[in-house]
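Step one of this worksheet: look at the structure below.
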Amino acid sequence: MLDESTEFGAHVGRRLREEHLMWLTTVRADGTPLPTLVWFLWEANSFLIYSQPNKPKLRNIEQNPKVALNFNSDDQGGDMIIFNGEARIVTDVPPAHEHAAYLEKYRDDIAGIGMAPESFAQAYSVAIRVVPRVLRGH
């Protein structure tokens, strides 16, 4: 899906590696979109997100797996990157504190919210995998 040999693809790849925040938009049962700021890891051509249990985004994903993920644009509305895809709750990934790449990316952020990796993994114990189907942007 992501062709990093193109200028746009290389730019998207850089943002996927360097950015720490994205917006995950799920859809409530009544059709209302629900954007939520999330930490993410791009791996195996998909997004891995850890969530606290019993959050609205999890209920939304169970009812409707279609989601969107996007980065903030620049101040002029440029540098827009949006992924549309399908999300599912998964159990085949290690907890956050045992996931080396996730911990490498977010160790400082976890400490910044006053948590240790182990307590973060206990609090954010539900893993979500988003497989993107469409990428658009400029």
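Ordering of the structure tokens sets the chain letters (A, B, ...), residue numbers begin anew at 1 in every chain, and ligands are numbered from 1 in the order given.
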
Within 7 Å of A:Met80 using only C-alpha atoms, minus same-chain residues under 3 positions, as a ChimeraX atom specification: /A:71,73,77,137-138

Selected residues written out, N, CA and C atoms, as a PDB file, in the first residue's frame:
ATOM      1  N   PHE A  71      -2.992  12.378  10.330  1.00  0.00           N
ATOM      2  CA  PHE A  71      -2.086  13.286  11.016  1.00  0.00           C
ATOM      3  C   PHE A  71      -2.689  14.681  10.975  1.00  0.00           C
ATOM      4  N   SER A  73      -2.659  18.422   9.838  1.00  0.00           N
ATOM      5  CA  SER A  73      -2.102  19.088   8.656  1.00  0.00           C
ATOM      6  C   SER A  73      -1.216  20.237   9.126  1.00  0.00           C
ATOM      7  N   GLY A  77      -3.240  23.956   5.881  1.00  0.00           N
ATOM      8  CA  GLY A  77      -4.093  22.873   5.392  1.00  0.00           C
ATOM      9  C   GLY A  77      -3.375  21.910   4.472  1.00  0.00           C
ATOM     10  N   GLY A 137      -3.859  12.024   0.330  1.00  0.00           N
ATOM     11  CA  GLY A 137      -3.248  13.218   0.931  1.00  0.00           C
ATOM     12  C   GLY A 137      -2.458  13.995  -0.096  1.00  0.00           C
ATOM     13  N   HIS A 138      -1.837  15.017   0.416  1.00  0.00           N
ATOM     14  CA  HIS A 138      -0.968  15.877  -0.402  1.00  0.00           C
ATOM     15  C   HIS A 138      -0.018  16.618   0.503  1.00  0.00           C
TER      16      HIS A 138
END

If you count only C-alpha atoms, which residues fall within 6 Å of A:Phe47, apart from same-chain ones fewer than 6 positions away, as a list in words? Leu41, Arg129 and Val130 of chain A

Would you pick out the contacts of stretch 81-97 of chain A at 6 Å or less, using only C-alpha atoms, so that residues sharing its chain but fewer than 2 positions from it are not included, and give the list as a tab-separated table (two decimals) with N, CA and C atoms, in the first residue's frame?
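This went into out_32.tsv:
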chain	number	residue	atom	x	y	z
A	65	PRO	N	-16.09	-1.78	12.05
A	65	PRO	CA	-14.63	-1.75	11.99
A	65	PRO	C	-14.04	-0.69	11.06
A	66	LYS	N	-14.88	0.01	10.29
A	66	LYS	CA	-14.36	1.01	9.36
A	66	LYS	C	-13.91	2.25	10.15
A	67	VAL	N	-12.64	2.63	9.94
A	67	VAL	CA	-12.05	3.75	10.67
A	67	VAL	C	-11.22	4.61	9.73
A	68	ALA	N	-10.84	5.76	10.22
A	68	ALA	CA	-9.87	6.62	9.53
A	68	ALA	C	-8.80	7.01	10.53
A	69	LEU	N	-7.59	7.16	10.03
A	69	LEU	CA	-6.47	7.67	10.80
A	69	LEU	C	-5.87	8.83	10.03
A	70	ASN	N	-5.58	9.93	10.72
A	70	ASN	CA	-4.95	11.05	10.03
A	70	ASN	C	-4.01	11.80	10.96
A	71	PHE	N	-2.99	12.38	10.33
A	71	PHE	CA	-2.09	13.29	11.02
A	71	PHE	C	-2.69	14.68	10.97
A	99	HIS	N	6.75	-4.95	23.98
A	99	HIS	CA	6.86	-4.71	22.54
A	99	HIS	C	8.02	-3.74	22.33
A	117	PRO	N	6.70	1.71	32.12
A	117	PRO	CA	6.21	0.87	31.03
A	117	PRO	C	5.23	-0.22	31.49
A	118	GLU	N	5.51	-0.82	32.63
A	118	GLU	CA	4.64	-1.89	33.13
A	118	GLU	C	3.26	-1.36	33.50
A	121	ALA	N	1.35	-0.51	30.35
A	121	ALA	CA	0.83	-1.71	29.69
A	121	ALA	C	-0.39	-2.26	30.43
A	127	ALA	N	-5.18	-4.14	22.66
A	127	ALA	CA	-4.47	-3.83	21.42
A	127	ALA	C	-5.45	-3.76	20.26
A	128	ILE	N	-5.26	-2.75	19.44
A	128	ILE	CA	-6.07	-2.54	18.23
A	128	ILE	C	-5.13	-2.60	17.04
A	129	ARG	N	-5.51	-3.33	16.02
A	129	ARG	CA	-4.75	-3.36	14.77
A	129	ARG	C	-5.63	-2.73	13.69
A	130	VAL	N	-5.07	-1.74	13.00
A	130	VAL	CA	-5.78	-1.10	11.88
A	130	VAL	C	-5.02	-1.43	10.60
A	131	VAL	N	-5.73	-2.05	9.67
A	131	VAL	CA	-5.16	-2.36	8.36
A	131	VAL	C	-5.69	-1.32	7.39
A	132	PRO	N	-4.81	-0.46	6.88
A	132	PRO	CA	-5.28	0.58	5.95
A	132	PRO	C	-5.61	0.00	4.59
A	133	ARG	N	-6.64	0.54	3.98
A	133	ARG	CA	-7.07	0.12	2.64
A	133	ARG	C	-6.85	1.22	1.62
A	134	VAL	N	-6.97	2.48	2.07
A	134	VAL	CA	-6.85	3.63	1.17
A	134	VAL	C	-5.97	4.67	1.86
A	135	LEU	N	-5.06	5.24	1.09
A	135	LEU	CA	-4.21	6.35	1.54
A	135	LEU	C	-4.45	7.52	0.61
A	136	ARG	N	-4.71	8.67	1.20
A	136	ARG	CA	-4.85	9.87	0.37
A	136	ARG	C	-4.20	11.03	1.09
A	137	GLY	N	-3.86	12.02	0.33
A	137	GLY	CA	-3.25	13.22	0.93
A	137	GLY	C	-2.46	13.99	-0.10

Using DSSP on the backbone coordinates, identify all residues within chain A classified as strand (DSSP E); present the result as an MDAnalysis selection string. chainID A and resid 22:27 33:38 41:43 46:51 66:70 81:90 126:137

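Distances to A:Asp108 were evaluated for A:Glu4, A:Lys55, A:Arg15, A:His20 using only C-alpha atoms, and the minimum falls at A:His20.
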
When you count only C-alpha atoms, which of these residues is closest to A:Val38: A:Leu21, A:Leu2, A:Ala116, A:Ala111?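 Among the listed residues, the smallest separation from A:Val38 belongs to A:Leu21.
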
Give me, as a ChimeraX atom specification, all polymer residues having an atom no more than 12 Å from A:Ala29, counting only C-alpha atoms and skipping those fewer than 2 positions away in the same chain. /A:26-27,31-34,56-65

Emit the selected residues as a PDB file, in the first residue's frame, including C-alpha atoms.
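Full text of again_38.pdb as output:
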ATOM      1  CA  THR A  26     -14.362   5.571  14.730  1.00  0.00           C
ATOM      2  CA  VAL A  27     -18.122   5.709  14.162  1.00  0.00           C
ATOM      3  CA  GLY A  31     -23.449   7.268  12.855  1.00  0.00           C
ATOM      4  CA  THR A  32     -21.617  10.053  14.701  1.00  0.00           C
ATOM      5  CA  PRO A  33     -17.861  10.140  14.000  1.00  0.00           C
ATOM      6  CA  LEU A  34     -15.679  10.013  17.118  1.00  0.00           C
ATOM      7  CA  PRO A  56     -15.981   4.269  23.315  1.00  0.00           C
ATOM      8  CA  LYS A  57     -13.552   3.665  20.440  1.00  0.00           C
ATOM      9  CA  LEU A  58     -13.482  -0.037  21.331  1.00  0.00           C
ATOM     10  CA  ARG A  59     -17.260  -0.321  21.357  1.00  0.00           C
ATOM     11  CA  ASN A  60     -17.366   1.550  18.051  1.00  0.00           C
ATOM     12  CA  ILE A  61     -14.823  -0.785  16.443  1.00  0.00           C
ATOM     13  CA  GLU A  62     -16.792  -3.834  17.593  1.00  0.00           C
ATOM     14  CA  GLN A  63     -19.934  -2.412  15.939  1.00  0.00           C
ATOM     15  CA  ASN A  64     -18.271  -0.985  12.838  1.00  0.00           C
ATOM     16  CA  PRO A  65     -14.632  -1.751  11.992  1.00  0.00           C
TER      17      PRO A  65
END

Chain A: residues DSSP assigns to alpha helix (DSSP H), reported as JSON, numbers by chain: {"A": [7, 8, 9, 10, 11, 12, 13, 14, 15, 16, 17, 18, 56, 57, 58, 59, 60, 61, 62, 63, 100, 101, 102, 103, 104, 105, 106, 107, 108, 109, 110, 111, 112, 117, 118, 119, 120, 121, 122, 123]}

Could you write out that same residue set with C-alpha atoms as a compact mmCIF listing (two decimals), in the first residue's frame?
# COMPACT_ATOMS: atom_id res chain seq x y z
CA GLU A 7 8.12 11.40 -3.09
CA PHE A 8 4.71 11.26 -1.38
CA GLY A 9 5.27 7.70 -0.13
CA ALA A 10 8.68 8.59 1.31
CA HIS A 11 7.13 11.59 3.07
CA VAL A 12 4.33 9.44 4.52
CA GLY A 13 6.90 6.87 5.65
CA ARG A 14 8.90 9.55 7.47
CA ARG A 15 5.80 10.80 9.27
CA LEU A 16 4.81 7.25 10.22
CA ARG A 17 8.24 6.72 11.79
CA GLU A 18 8.69 10.15 13.38
CA PRO A 56 -15.98 4.27 23.32
CA LYS A 57 -13.55 3.67 20.44
CA LEU A 58 -13.48 -0.04 21.33
CA ARG A 59 -17.26 -0.32 21.36
CA ASN A 60 -17.37 1.55 18.05
CA ILE A 61 -14.82 -0.79 16.44
CA GLU A 62 -16.79 -3.83 17.59
CA GLN A 63 -19.93 -2.41 15.94
CA ALA A 100 10.40 -3.48 21.85
CA ALA A 101 9.60 -1.15 18.94
CA TYR A 102 6.59 0.41 20.70
CA LEU A 103 8.56 0.90 23.89
CA GLU A 104 11.49 2.42 21.98
CA LYS A 105 9.15 4.94 20.36
CA TYR A 106 7.11 5.85 23.45
CA ARG A 107 9.40 5.28 26.46
CA ASP A 108 9.89 9.03 27.04
CA ASP A 109 6.18 9.76 26.45
CA ILE A 110 5.19 7.08 28.95
CA ALA A 111 7.54 8.58 31.53
CA GLY A 112 6.16 12.02 30.63
CA PRO A 117 6.21 0.87 31.03
CA GLU A 118 4.64 -1.89 33.13
CA SER A 119 1.91 0.33 34.57
CA PHE A 120 1.24 1.79 31.12
CA ALA A 121 0.83 -1.71 29.69
CA GLN A 122 -1.56 -2.61 32.50
CA ALA A 123 -3.65 0.55 31.96

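Atom CA of A:Gln52 is found 14.3 Å from atom CA of A:Leu24.
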